[in-house]
Structures are given as structure tokens and as C-alpha cells.
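Below is coords36.cif, holding mmCIF, C-alpha atoms.
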data_data
loop_
_atom_site.label_atom_id
_atom_site.label_comp_id
_atom_site.auth_asym_id
_atom_site.auth_seq_id
_atom_site.Cartn_x
_atom_site.Cartn_y
_atom_site.Cartn_z
CA MET A 24 -208.96 77.45 21.88
CA TYR A 25 -206.59 79.20 24.26
CA SER A 26 -202.98 78.17 24.73
CA PHE A 27 -201.09 77.95 28.01
CA ARG A 28 -198.50 75.75 26.27
CA ASN A 29 -195.56 78.18 26.29
CA ASP A 30 -194.53 81.85 26.50
CA TYR A 31 -193.62 82.28 22.83
CA SER A 32 -196.94 81.43 21.16
CA GLU A 33 -197.54 85.06 20.22
CA GLY A 34 -195.37 87.18 17.92
CA ALA A 35 -193.93 90.36 19.44
CA HIS A 36 -195.09 93.29 21.51
CA PRO A 37 -196.63 96.05 19.33
CA GLN A 38 -193.97 98.56 20.41
CA ILE A 39 -191.29 96.28 18.98
CA LEU A 40 -193.23 95.73 15.75
CA ARG A 41 -193.68 99.50 15.33
CA ALA A 42 -189.96 100.07 15.80
CA LEU A 43 -189.14 97.38 13.21
CA ILE A 44 -191.51 98.98 10.70
CA GLU A 45 -190.37 102.56 11.36
CA THR A 46 -186.70 101.65 10.83
CA ASN A 47 -187.33 99.21 7.99
CA LEU A 48 -185.83 101.28 5.15
CA GLU A 49 -182.89 102.65 7.13
CA GLN A 50 -179.64 101.27 5.75
CA THR A 51 -177.20 99.83 8.27
CA VAL A 52 -174.04 97.77 8.37
CA GLY A 53 -174.51 94.07 9.09
CA TYR A 54 -173.56 91.37 11.57
CA GLY A 55 -174.44 93.21 14.76
CA GLU A 56 -172.26 96.25 14.14
CA ASP A 57 -175.18 98.58 13.40
CA ARG A 58 -176.25 101.44 15.63
CA PHE A 59 -179.24 99.53 16.99
CA CYS A 60 -177.14 96.65 18.31
CA GLN A 61 -174.65 99.10 19.78
CA GLU A 62 -177.43 101.05 21.47
CA ALA A 63 -179.01 97.86 22.84
CA ALA A 64 -175.67 96.78 24.30
CA GLU A 65 -175.18 100.16 25.98
CA LEU A 66 -178.71 100.13 27.43
CA ILE A 67 -178.14 96.67 28.89
CA LYS A 68 -174.80 97.73 30.36
CA ARG A 69 -176.55 100.66 32.03
CA LYS A 70 -179.24 98.40 33.48
CA ILE A 71 -176.49 96.20 34.91
CA SER A 72 -174.41 99.22 36.01
CA ARG A 73 -171.34 97.62 34.46
CA GLY A 74 -169.47 99.16 31.55
CA ASP A 75 -166.87 96.39 31.43
CA VAL A 76 -169.10 93.53 30.26
CA ASP A 77 -169.42 92.35 26.66
CA VAL A 78 -172.93 92.01 25.21
CA HIS A 79 -173.66 89.77 22.21
CA LEU A 80 -177.10 89.40 20.62
CA ILE A 81 -177.84 85.83 19.50
CA PRO A 82 -181.05 84.54 17.84
CA GLY A 83 -182.06 81.78 20.26
CA GLY A 84 -181.48 80.13 23.62
CA THR A 85 -180.11 76.79 22.42
CA GLN A 86 -177.66 78.63 20.14
CA THR A 87 -176.60 80.85 23.03
CA ASN A 88 -176.03 77.89 25.34
CA LEU A 89 -174.04 75.81 22.88
CA ILE A 90 -171.94 78.73 21.58
CA ALA A 91 -171.10 80.07 25.03
CA ILE A 92 -170.40 76.71 26.67
CA SER A 93 -168.30 75.36 23.80
CA ALA A 94 -166.37 78.64 23.60
CA PHE A 95 -165.64 78.72 27.32
CA LEU A 96 -164.42 75.12 27.60
CA ARG A 97 -161.35 73.21 26.43
CA PRO A 98 -162.01 69.87 24.68
CA HIS A 99 -161.63 67.70 27.79
CA GLU A 100 -163.77 69.88 30.04
CA ALA A 101 -167.37 69.19 31.10
CA VAL A 102 -170.52 70.94 32.30
CA ILE A 103 -172.28 70.33 35.61
CA ALA A 104 -176.05 70.80 35.22
CA PRO A 105 -179.27 69.84 37.00
CA LEU A 106 -181.18 66.83 35.69
CA THR A 107 -183.98 69.18 34.65
CA GLY A 108 -181.64 71.65 32.92
CA HIS A 109 -182.56 72.71 29.40
CA ILE A 110 -179.19 71.64 28.01
CA GLU A 111 -179.75 68.18 29.48
CA VAL A 112 -183.38 67.66 28.51
CA HIS A 113 -184.44 69.80 25.56
CA GLU A 114 -181.49 70.64 23.33
CA THR A 115 -181.07 67.41 21.34
CA GLY A 116 -177.57 66.79 22.66
CA ALA A 117 -176.33 70.19 21.43
CA ILE A 118 -173.69 70.48 24.14
CA GLU A 119 -172.50 66.90 23.66
CA ALA A 120 -172.36 67.53 19.91
CA THR A 121 -169.72 70.20 20.58
CA GLY A 122 -167.65 67.54 22.38
CA HIS A 123 -168.47 68.35 26.00
CA LYS A 124 -170.03 65.90 28.44
CA ILE A 125 -172.85 67.02 30.73
CA ILE A 126 -172.54 65.80 34.31
CA SER A 127 -176.13 65.67 35.55
CA MET A 128 -176.89 66.22 39.22
CA SER A 129 -180.26 65.83 40.92
CA GLY A 130 -180.33 69.15 42.76
CA ARG A 131 -183.63 70.27 44.32
CA GLU A 132 -186.62 71.88 42.61
CA GLY A 133 -184.61 72.43 39.44
CA LYS A 134 -181.76 74.19 41.24
CA LEU A 135 -178.15 73.24 41.93
CA TYR A 136 -176.55 73.78 45.33
CA PRO A 137 -172.92 73.84 46.49
CA SER A 138 -173.14 70.23 47.69
CA ASP A 139 -174.17 69.11 44.17
CA VAL A 140 -171.22 70.91 42.64
CA ARG A 141 -168.73 69.51 45.15
CA GLN A 142 -170.07 65.98 44.65
CA ALA A 143 -169.64 66.24 40.88
CA VAL A 144 -166.08 67.55 41.21
CA GLU A 145 -165.09 64.93 43.77
CA ALA A 146 -166.38 62.13 41.52
CA HIS A 147 -164.03 63.17 38.69
CA THR A 148 -160.58 62.53 40.00
CA ASP A 149 -158.04 62.34 37.18
CA GLU A 150 -157.23 62.52 33.48
CA HIS A 151 -159.12 59.30 32.75
CA MET A 152 -162.34 61.25 33.22
CA VAL A 153 -163.66 64.52 31.89
CA LYS A 154 -162.78 67.53 34.00
CA PRO A 155 -165.68 69.54 35.48
CA ARG A 156 -165.13 73.17 34.53
CA LEU A 157 -168.47 74.97 34.15
CA VAL A 158 -171.68 74.98 36.18
CA TYR A 159 -174.91 75.59 34.23
CA ILE A 160 -178.04 76.90 35.95
CA SER A 161 -181.29 78.45 34.76
CA ASN A 162 -183.19 81.35 36.34
CA ALA A 163 -186.13 80.90 36.32
CA THR A 164 -185.57 77.15 36.24
CA GLU A 165 -187.32 74.68 33.97
CA VAL A 166 -189.72 73.80 36.80
CA GLY A 167 -190.57 77.40 37.69
CA SER A 168 -188.35 77.96 40.73
CA ILE A 169 -185.95 80.91 41.07
CA TYR A 170 -182.62 81.50 42.77
CA THR A 171 -182.38 83.79 45.78
CA LYS A 172 -179.42 86.09 46.22
CA ASP A 173 -178.06 83.94 49.06
CA GLU A 174 -178.36 80.78 46.94
CA LEU A 175 -176.60 82.33 43.97
CA LYS A 176 -173.91 83.82 46.19
CA ALA A 177 -173.22 80.43 47.82
CA LEU A 178 -173.04 78.77 44.40
CA SER A 179 -170.74 81.50 43.09
CA GLU A 180 -168.37 81.21 46.06
CA THR A 181 -168.23 77.44 45.63
CA CYS A 182 -167.47 77.72 41.92
CA ARG A 183 -164.71 80.23 42.53
CA ALA A 184 -163.18 78.13 45.28
CA LEU A 185 -163.16 75.09 42.97
CA GLY A 186 -161.94 76.93 39.88
CA LEU A 187 -165.24 76.53 38.02
CA LEU A 188 -167.09 78.91 35.72
CA LEU A 189 -170.71 79.76 36.53
CA PHE A 190 -173.10 80.28 33.59
CA MET A 191 -176.76 81.28 33.90
CA ASP A 192 -179.37 80.46 31.28
CA GLY A 193 -181.72 83.45 31.38
CA ALA A 194 -184.34 82.40 28.86
CA ARG A 195 -186.93 83.33 31.51
CA LEU A 196 -184.81 85.81 33.46
CA GLY A 197 -187.50 88.48 33.14
CA SER A 198 -189.95 86.27 35.00
CA ALA A 199 -187.37 85.52 37.70
CA LEU A 200 -186.40 89.16 38.25
CA THR A 201 -190.01 90.39 38.51
CA SER A 202 -191.17 87.60 40.79
CA ASP A 203 -192.55 88.62 44.19
CA LYS A 204 -190.00 86.23 45.72
CA ASN A 205 -186.97 87.68 43.90
CA ASP A 206 -184.22 89.62 45.67
CA LEU A 207 -181.67 89.66 42.82
CA THR A 208 -180.86 92.49 40.42
CA LEU A 209 -179.15 92.31 37.04
CA GLY A 210 -176.14 93.89 38.74
CA ASP A 211 -176.08 91.18 41.41
CA ILE A 212 -176.13 88.48 38.75
CA ALA A 213 -173.31 90.13 36.79
CA SER A 214 -171.16 90.19 39.93
CA LEU A 215 -171.82 86.55 40.84
CA VAL A 216 -171.63 84.68 37.50
CA ASP A 217 -169.08 84.58 34.69
CA ALA A 218 -171.68 84.89 31.95
CA PHE A 219 -175.47 84.92 31.62
CA TYR A 220 -178.09 85.81 29.09
CA ILE A 221 -181.26 87.85 29.05
CA GLY A 222 -184.06 86.12 27.18
CA GLY A 223 -186.09 88.12 24.71
CA THR A 224 -187.79 85.28 22.80
CA LYS A 225 -189.94 84.36 25.82
CA ASN A 226 -190.54 87.96 26.90
CA GLY A 227 -192.03 89.98 24.06
CA ALA A 228 -189.43 89.79 21.28
CA LEU A 229 -189.81 87.93 18.00
CA ILE A 230 -186.42 86.30 18.52
CA GLY A 231 -183.28 87.03 20.44
CA GLU A 232 -181.20 86.56 23.57
CA ALA A 233 -178.62 89.00 24.96
CA LEU A 234 -175.51 87.18 26.19
CA VAL A 235 -173.56 89.10 28.82
CA ILE A 236 -169.94 88.03 29.36
CA CYS A 237 -168.65 89.32 32.69
CA THR A 238 -165.27 87.60 33.03
CA GLU A 239 -162.44 89.10 31.01
CA SER A 240 -160.75 85.83 30.07
CA LEU A 241 -163.91 84.61 28.29
CA LYS A 242 -164.32 87.60 25.97
CA ALA A 243 -161.58 87.13 23.37
CA ASP A 244 -162.65 86.18 19.85
CA PHE A 245 -166.24 85.49 20.89
CA ARG A 246 -167.65 86.84 17.61
CA PHE A 247 -165.61 84.18 15.82
CA HIS A 248 -167.48 81.52 17.82
CA ILE A 249 -170.85 83.09 16.99
CA LYS A 250 -170.03 83.14 13.28
CA GLN A 251 -168.64 79.61 13.22
CA LYS A 252 -171.82 78.27 14.85
CA GLY A 253 -174.02 80.06 12.30
CA ALA A 254 -175.58 82.61 14.64
CA LEU A 255 -174.03 85.89 13.45
CA LEU A 256 -177.01 87.38 11.61
CA ALA A 257 -176.34 89.51 8.54
CA LYS A 258 -179.42 91.51 9.58
CA GLY A 259 -178.28 91.80 13.18
CA ARG A 260 -180.31 95.01 13.40
CA LEU A 261 -183.41 92.83 13.91
CA LEU A 262 -182.05 91.82 17.31
CA GLY A 263 -180.69 95.26 18.17
CA ILE A 264 -183.97 97.05 17.50
CA GLN A 265 -185.89 94.61 19.68
CA PHE A 266 -183.55 94.83 22.67
CA THR A 267 -183.37 98.60 22.33
CA GLU A 268 -187.15 98.74 22.71
CA LEU A 269 -187.14 96.27 25.59
CA PHE A 270 -184.52 98.22 27.56
CA ARG A 271 -185.01 101.84 26.49
CA GLY A 272 -187.52 102.08 29.33
CA ASN A 273 -188.94 99.30 31.50
CA LEU A 274 -190.83 97.33 28.84
CA PHE A 275 -188.79 94.16 29.47
CA PHE A 276 -189.78 94.15 33.15
CA GLU A 277 -193.39 95.25 32.55
CA LEU A 278 -194.00 92.35 30.18
CA ALA A 279 -192.48 89.80 32.56
CA ARG A 280 -194.47 91.24 35.46
CA HIS A 281 -197.71 90.70 33.52
CA ALA A 282 -196.83 87.07 32.76
CA ASN A 283 -196.14 86.46 36.45
CA ALA A 284 -199.39 88.13 37.51
CA MET A 285 -201.43 85.88 35.24
CA ALA A 286 -199.62 82.79 36.53
CA THR A 287 -200.13 83.88 40.13
CA LYS A 288 -203.84 84.23 39.49
CA ILE A 289 -204.12 80.71 38.07
CA GLN A 290 -201.95 79.21 40.80
CA GLY A 291 -204.00 80.91 43.50
CA ALA A 292 -207.17 79.39 42.08
CA LEU A 293 -205.58 75.93 41.91
CA ILE A 294 -204.47 76.16 45.54
CA ALA A 295 -207.93 77.32 46.60
CA LEU A 296 -209.39 74.28 44.84
CA GLY A 297 -207.03 71.98 46.73
CA CYS A 298 -205.07 70.97 43.65
CA PRO A 299 -201.59 69.52 44.33
CA LEU A 300 -198.65 71.30 42.68
CA LEU A 301 -195.11 70.19 41.87
CA LEU A 302 -194.07 73.31 43.78
CA HIS A 303 -195.50 76.73 44.58
CA SER A 304 -194.02 78.48 41.59
CA PRO A 305 -192.93 82.11 41.95
CA SER A 306 -192.61 82.52 38.17
CA ASN A 307 -194.76 82.13 35.04
CA GLN A 308 -194.72 78.31 34.91
CA ILE A 309 -197.15 76.23 36.98
CA PHE A 310 -197.17 72.44 37.34
CA PRO A 311 -200.53 71.23 38.72
CA ILE A 312 -201.37 67.56 39.22
CA LEU A 313 -204.89 66.94 37.91
CA PRO A 314 -207.24 63.99 37.54
CA ASN A 315 -206.96 62.53 34.06
CA GLN A 316 -210.68 63.10 33.49
CA VAL A 317 -210.27 66.82 34.24
CA ILE A 318 -207.37 67.03 31.78
CA ALA A 319 -209.49 65.35 29.13
CA GLU A 320 -212.31 67.85 29.75
CA LEU A 321 -209.91 70.80 29.47
CA VAL A 322 -208.58 69.44 26.18
CA ALA A 323 -212.16 69.00 24.96
CA LYS A 324 -212.72 72.69 25.74
CA GLU A 325 -209.74 73.37 23.46
CA TYR A 326 -207.27 74.54 26.07
CA SER A 327 -203.69 73.79 25.08
CA PHE A 328 -200.91 72.91 27.53
CA GLU A 329 -198.03 70.46 27.96
CA VAL A 330 -198.70 67.09 29.55
CA GLN A 331 -195.63 66.46 31.69
CA LYS A 332 -195.72 63.30 33.78
CA ARG A 333 -198.09 60.50 34.77
CA MET A 334 -198.21 60.47 38.56
CA ASP A 335 -200.45 57.41 39.06
CA ASP A 336 -203.24 55.61 37.22
CA ASP A 337 -205.65 58.50 37.71
CA HIS A 338 -203.51 61.66 37.91
CA THR A 339 -201.09 63.48 35.60
CA MET A 340 -198.94 66.58 35.99
CA ILE A 341 -199.37 69.25 33.33
CA ARG A 342 -197.51 72.50 32.67
CA LEU A 343 -199.30 75.83 32.36
CA VAL A 344 -197.28 78.79 31.08
CA THR A 345 -198.39 82.42 30.88
CA SER A 346 -196.80 85.13 28.75
CA TRP A 347 -196.50 88.87 28.27
CA ALA A 348 -199.61 88.61 26.03
CA THR A 349 -201.79 86.28 28.13
CA ARG A 350 -205.28 87.77 28.28
CA GLU A 351 -206.79 88.15 31.74
CA ASP A 352 -210.26 87.32 30.45
CA ALA A 353 -208.88 84.01 29.12
CA VAL A 354 -207.34 83.32 32.52
CA ASP A 355 -210.66 84.08 34.22
CA GLU A 356 -212.50 81.74 31.86
CA PHE A 357 -209.93 78.99 32.45
CA ILE A 358 -210.31 79.39 36.22
CA ALA A 359 -214.12 79.26 35.90
CA ASP A 360 -213.84 76.01 33.94
CA LEU A 361 -211.46 74.57 36.52
CA LYS A 362 -213.93 75.36 39.29
CA LYS A 363 -216.68 73.51 37.43
CA LEU A 364 -214.47 70.49 36.84
CA LEU A 365 -212.82 70.30 40.25
#

Since I need it in another form, could you write the structure as C-alpha cells?
Amino acid sequence: MYSFRNDYSEGAHPQILRALIETNLEQTVGYGEDRFCQEAAELIKRKISRGDVDVHLIPGGTQTNLIAISAFLRPHEAVIAPLTGHIEVHETGAIEATGHKIISMSGREGKLYPSDVRQAVEAHTDEHMVKPRLVYISNATEVGSIYTKDELKALSETCRALGLLLFMDGARLGSALTSDKNDLTLGDIASLVDAFYIGGTKNGALIGEALVICTESLKADFRFHIKQKGALLAKGRLLGIQFTELFRGNLFFELARHANAMATKIQGALIALGCPLLLHSPSNQIFPILPNQVIAELVAKEYSFEVQKRMDDDHTMIRLVTSWATREDAVDEFIADLKKLL
């Protein structure tokens, strides 16, 4: 069996595991105040070229989203998000459970545009409705697309003109930033959004996301919010060590680049075989539309992937995801099987 189900099937990159073992008996203070967490924060600030941001290490993406969004909003304020957004689809109502409504907009290819944001704001007119206050986007998105610099700039300008916060879910930010179609840097993102996070869980770490708060008014008492929501780890060092290894050099970007390369190889083969795609993905997620019989044959060969959506009686869309650890020989074998079946 080989899995293309997600980008967190494997454990952690060997360099991270070695660092965890080598530092295992070193005694540190807890709750993210150890030297490893401090070093990780400084390394990230250097990569962003901003010394004035706050960096918080949080175990997972859903925790990061719900803690940040609930901390940034007052009780009557709401989130604008795409219909495909992770907070809308795959977080079990976590945002709503904190008391904040999600205003879902259709967008295009998983992305929100200024017109979507304006439409949401214009539809909420007075105190009898929730007040839109924060715009949530993902990069890469849940359908594999990425934001260009011009798109993010236009969204940022719209949010600022309308008095809205802009928050970026970066669970797959590594894939977005190393895409051949990307023209954004970490510094660009920090200048255009109010807060974002850098995903480690889906890019070589065992667990962990690095939340970067760029806007001064959002920084106060944030550790209180992390603790109250149960995400302030006593052994915070586990997160600090991992992000130190990811950002001491270019490991974070090297791992994401490999995931993208494997996805590009599979997507190229699918295109050559005439297989329809949801979109031509520039990241590590691919959504081909295959005959049901082909899907059944792939399952019989013990390939694992997500079945996404029935398109008609004979065809279904699946999701293929590659990771930092995806083996090229496994990709080659998968492509060979596809060629036989298609």
C-alpha cells in the first residue's frame, strides 16, 4: 500500500528527530519560555525581516484558527470565509463554538476576492445581524490554489478600507511559497495581513504551527488565550526544537519543494493522459476526476487517497496529496499504474 491521502501520514524529518533526541535530557523551563522556543521565534522573525511581530507556537491548525479568531473578535463579530475554507468544512464548528458566526462566500477556486468581501459586508447592515470583522483565507487553499501577490494586496487593501482584519491559515504555506507560480515572500505576507501562521505539521514536523501576529492591537494577552484554550504546552520545547530545525537553514522550504515536485510529476502524467482536473494545482494537492472503475482498480492495488465528490454516474473526483517524505519511486509506480488503467 502507498498513501497519497494527506501530507502528515509520516512522522517527522530525521533532522528534527535527531534534535529532539540530542536535547532530550536538557532541562528547560516550560510553557514556551525555553531557549528553543525563543530561538525559533527569532529565526522566524529573521526570515520575515520583521522584528516587531509576535510569534506563538501552537500544537495544531484547528487550535491556532480557533484561538486566534476568537481572541481577535468581540462577541458580536463574525468571520468571512470561502465555502471551502477549513474553518467552514473541517473543524467541527470550532469557530461557531467560540460564539462567532462564519459568513460563507463562494469565491473562486478556493480563494476570496474583494468583491466577495464587499458583498458580505454590504449584506450585514445593522445591529440585528452579526458584524463582519475578520476575513479568513488559506494559502495554499483547501483545493490546491495559491494567492498571488497582486491578489493578496487587493484583498488587504479592501480589508483595510472596510475596517476588517485579514487572517491567513498557513497550514500548507510551505507548499504555497515554494510553488513555481508563487511570487510572495514571508515578508510580503507579514506586510499584507494582520496575522498568519506557518504550518509545521504538514511540512516535516511531528506537530506544530507558528502563529505570527503582525498588528500591534492584536498582541496583548495572547498567551492567556492560548492557555485558556488548552494549547499552552508544558513541554513547549517540543515545538521550539522542531521550528528551530525547520528555520535554522532552509529545511522548511526544501521539504515543501520536494512535496510540490512530486505533485507536479503526478499532475503532469494525469494531464498527458487526458484526465480532467478540478484545477491545475500549483501546490501539493491534486484533484483528478477519474472513472469509477479506475478508482476501484487503484484501491485494489492498495493505493490510499481521499474520495471527494461524485461528478456523474461514472466519474468521481479524488484528492491526491504528496508530502516532504513522498518517495519518487512510489510516484513512478503510481503513474505506471495510471497509464495501464487509463

Using all atoms listed in the file, the best pick from A:Gly116, A:Gly231, A:Pro314, A:Pro155 as closest to Arg141 in chain A would be A:Pro155

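Using only C-alpha atoms, the nearest neighbour of Leu207 in chain A within the list A:Thr46, A:Gln86, A:Asn226, A:Thr171 is A:Thr171.
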
Could you give me, as a Markdown table, a per-residue list for range 213-281 of chain A showing, wherever an atom lies at most 6 Å from an atom of range 56-62 of chain A, the closest pair of atoms and their distance in Å to one decimal, using only C-alpha atoms and sorting by chain then residue number from low to high?
| residue | atom | partner | partner_atom | distance |
| --- | --- | --- | --- | --- |
| A:Arg260 | CA | A:Phe59 | CA | 5.9 |
| A:Gly263 | CA | A:Cys60 | CA | 3.8 |
| A:Ile264 | CA | A:Phe59 | CA | 5.4 |

Find, counting all atoms listed in the file, the residue in A:Arg183, A:His79, A:Arg131, A:Lys172 that gets nearest to Thr208 in chain A.
-> A:Lys172

Might you pull out every residue within 12 Å of Ala319 in chain A, with all atoms listed in the file counted and same-chain residues fewer than 5 positions away left off, and present them as a VMD selection string?
-> chain A and resid 313 to 314 324 to 328 330 337 to 339 341 361 364

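Here the PyMOL selection byres ((chain A and resi 91) around 9) catches exactly these residues: Gln86, Thr87, Asn88, Leu89, Ile90, Ile92, Ser93, Ala94, Phe95, Leu96, Phe190, Ala218, Leu234, Phe245, His248 and Ile249 of chain A.
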
If you measure from CA of Asn162 in chain A to CA of Asn283 in chain A, what distance in Å do you get, rounded to one decimal?
-> 13.9 Å

Identify all residues satisfying the PyMOL selection byres ((chain A and resi 277) around 12) in the given file; provide them as a ChimeraX atom specification.
-> /A:36,197-198,200-202,226-227,269-270,272-276,278-284,346-348

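Using only C-alpha atoms for every distance, the candidate list A:Ala63, A:Leu300, A:Met128, A:Val158 yields A:Ala63 as the residue closest to Phe266 in chain A.
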
Around (-173.4, 72.5, 47.9) in the file's frame, which residues reach within 12 Å when counting all atoms listed in the file? Return as a list of chain:residue names?
-> A:Met128, A:Ser129, A:Gly130, A:Arg131, A:Lys134, A:Leu135, A:Tyr136, A:Pro137, A:Ser138, A:Asp139, A:Val140, A:Arg141, A:Gln142, A:Ala143, A:Val144, A:Glu145, A:Glu174, A:Leu175, A:Lys176, A:Ala177, A:Leu178, A:Ser179, A:Glu180, A:Thr181, A:Cys182, A:Ala184, A:Leu185

Atom pair CA of Pro299 in chain A / CA of Leu196 in chain A: separation (Å) | 25.8 Å

Tell me which residues the PyMOL selection byres ((chain A and resi 154) around 10) grabs here, as an mmCIF file with C-alpha atoms, in the coordinates of the input.
data_model
loop_
_atom_site.group_PDB
_atom_site.id
_atom_site.type_symbol
_atom_site.label_atom_id
_atom_site.label_comp_id
_atom_site.auth_asym_id
_atom_site.auth_seq_id
_atom_site.Cartn_x
_atom_site.Cartn_y
_atom_site.Cartn_z
ATOM 1 C CA ARG A 97 -161.350 73.210 26.430
ATOM 2 C CA PRO A 98 -162.010 69.870 24.680
ATOM 3 C CA HIS A 99 -161.630 67.700 27.790
ATOM 4 C CA GLU A 100 -163.770 69.880 30.040
ATOM 5 C CA ALA A 101 -167.370 69.190 31.100
ATOM 6 C CA VAL A 102 -170.520 70.940 32.300
ATOM 7 C CA HIS A 123 -168.470 68.350 26.000
ATOM 8 C CA LYS A 124 -170.030 65.900 28.440
ATOM 9 C CA ILE A 126 -172.540 65.800 34.310
ATOM 10 C CA ALA A 143 -169.640 66.240 40.880
ATOM 11 C CA VAL A 144 -166.080 67.550 41.210
ATOM 12 C CA ALA A 146 -166.380 62.130 41.520
ATOM 13 C CA HIS A 147 -164.030 63.170 38.690
ATOM 14 C CA THR A 148 -160.580 62.530 40.000
ATOM 15 C CA ASP A 149 -158.040 62.340 37.180
ATOM 16 C CA GLU A 150 -157.230 62.520 33.480
ATOM 17 C CA HIS A 151 -159.120 59.300 32.750
ATOM 18 C CA MET A 152 -162.340 61.250 33.220
ATOM 19 C CA VAL A 153 -163.660 64.520 31.890
ATOM 20 C CA PRO A 155 -165.680 69.540 35.480
ATOM 21 C CA ARG A 156 -165.130 73.170 34.530
ATOM 22 C CA LEU A 157 -168.470 74.970 34.150
#

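Minimum distance to Thr85 in chain A across A:Ile212, A:Ile125, A:Ala254, A:Ala64 (counting only C-alpha atoms) occurs at A:Ala254.
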
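Between CA of Arg350 in chain A and CA of Tyr25 in chain A the interatomic distance comes to 9.6 Å.
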
List the spatial neighbours of Ala163 in chain A as a PDB file with C-alpha atoms, keeping the file's coordinate frame - criterion: any atom at most 6 Å away, only C-alpha atoms, same-chain residues fewer than 4 positions off excluded.
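After the write, around01.pdb holds the following:
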ATOM      1  CA  GLY A 167    -190.570  77.400  37.690  1.00  0.00           C
ATOM      2  CA  SER A 168    -188.350  77.960  40.730  1.00  0.00           C
ATOM      3  CA  ILE A 169    -185.950  80.910  41.070  1.00  0.00           C
ATOM      4  CA  ARG A 195    -186.930  83.330  31.510  1.00  0.00           C
ATOM      5  CA  LEU A 196    -184.810  85.810  33.460  1.00  0.00           C
ATOM      6  CA  ALA A 199    -187.370  85.520  37.700  1.00  0.00           C
TER       7      ALA A 199
END

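Proximity to Leu187 in chain A was assessed for A:Ile103, A:Val354, A:Leu255, A:Ala35 counting only C-alpha atoms; the smallest distance is recorded for A:Ile103.
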
Incomplete range 253-267 of chain A filled out to N, CA and C atoms as a PDB file, in the frame of the given file:
ATOM      1  N   GLY A 253    -172.907  79.665  13.151  1.00  0.00           N
ATOM      2  CA  GLY A 253    -174.020  80.060  12.300  1.00  0.00           C
ATOM      3  C   GLY A 253    -175.018  81.013  12.914  1.00  0.00           C
ATOM      4  N   ALA A 254    -174.625  81.753  13.936  1.00  0.00           N
ATOM      5  CA  ALA A 254    -175.580  82.610  14.640  1.00  0.00           C
ATOM      6  C   ALA A 254    -175.296  84.104  14.503  1.00  0.00           C
ATOM      7  N   LEU A 255    -174.325  84.473  13.659  1.00  0.00           N
ATOM      8  CA  LEU A 255    -174.030  85.890  13.450  1.00  0.00           C
ATOM      9  C   LEU A 255    -174.899  86.384  12.295  1.00  0.00           C
ATOM     10  N   LEU A 256    -176.037  86.983  12.624  1.00  0.00           N
ATOM     11  CA  LEU A 256    -177.010  87.380  11.610  1.00  0.00           C
ATOM     12  C   LEU A 256    -176.500  88.521  10.744  1.00  0.00           C
ATOM     13  N   ALA A 257    -176.654  88.388   9.436  1.00  0.00           N
ATOM     14  CA  ALA A 257    -176.340  89.510   8.540  1.00  0.00           C
ATOM     15  C   ALA A 257    -177.209  90.706   8.912  1.00  0.00           C
ATOM     16  N   LYS A 258    -178.504  90.453   9.154  1.00  0.00           N
ATOM     17  CA  LYS A 258    -179.420  91.510   9.580  1.00  0.00           C
ATOM     18  C   LYS A 258    -179.503  91.551  11.093  1.00  0.00           C
ATOM     19  N   GLY A 259    -178.342  91.741  11.725  1.00  0.00           N
ATOM     20  CA  GLY A 259    -178.280  91.800  13.180  1.00  0.00           C
ATOM     21  C   GLY A 259    -179.154  92.901  13.753  1.00  0.00           C
ATOM     22  N   ARG A 260    -179.450  93.902  12.976  1.00  0.00           N
ATOM     23  CA  ARG A 260    -180.310  95.010  13.400  1.00  0.00           C
ATOM     24  C   ARG A 260    -181.640  94.507  13.960  1.00  0.00           C
ATOM     25  N   LEU A 261    -182.139  93.362  13.430  1.00  0.00           N
ATOM     26  CA  LEU A 261    -183.410  92.830  13.910  1.00  0.00           C
ATOM     27  C   LEU A 261    -183.364  92.531  15.409  1.00  0.00           C
ATOM     28  N   LEU A 262    -182.223  92.079  15.880  1.00  0.00           N
ATOM     29  CA  LEU A 262    -182.050  91.820  17.310  1.00  0.00           C
ATOM     30  C   LEU A 262    -181.829  93.129  18.062  1.00  0.00           C
ATOM     31  N   GLY A 263    -181.003  93.994  17.505  1.00  0.00           N
ATOM     32  CA  GLY A 263    -180.690  95.260  18.170  1.00  0.00           C
ATOM     33  C   GLY A 263    -181.912  96.121  18.392  1.00  0.00           C
ATOM     34  N   ILE A 264    -182.760  96.235  17.384  1.00  0.00           N
ATOM     35  CA  ILE A 264    -183.970  97.050  17.500  1.00  0.00           C
ATOM     36  C   ILE A 264    -184.866  96.515  18.615  1.00  0.00           C
ATOM     37  N   GLN A 265    -185.009  95.196  18.671  1.00  0.00           N
ATOM     38  CA  GLN A 265    -185.890  94.610  19.680  1.00  0.00           C
ATOM     39  C   GLN A 265    -185.367  94.844  21.102  1.00  0.00           C
ATOM     40  N   PHE A 266    -184.081  94.630  21.314  1.00  0.00           N
ATOM     41  CA  PHE A 266    -183.550  94.830  22.670  1.00  0.00           C
ATOM     42  C   PHE A 266    -183.465  96.305  23.041  1.00  0.00           C
ATOM     43  N   THR A 267    -183.315  97.168  22.050  1.00  0.00           N
ATOM     44  CA  THR A 267    -183.370  98.600  22.330  1.00  0.00           C
ATOM     45  C   THR A 267    -184.753  98.968  22.865  1.00  0.00           C
TER      46      THR A 267
END
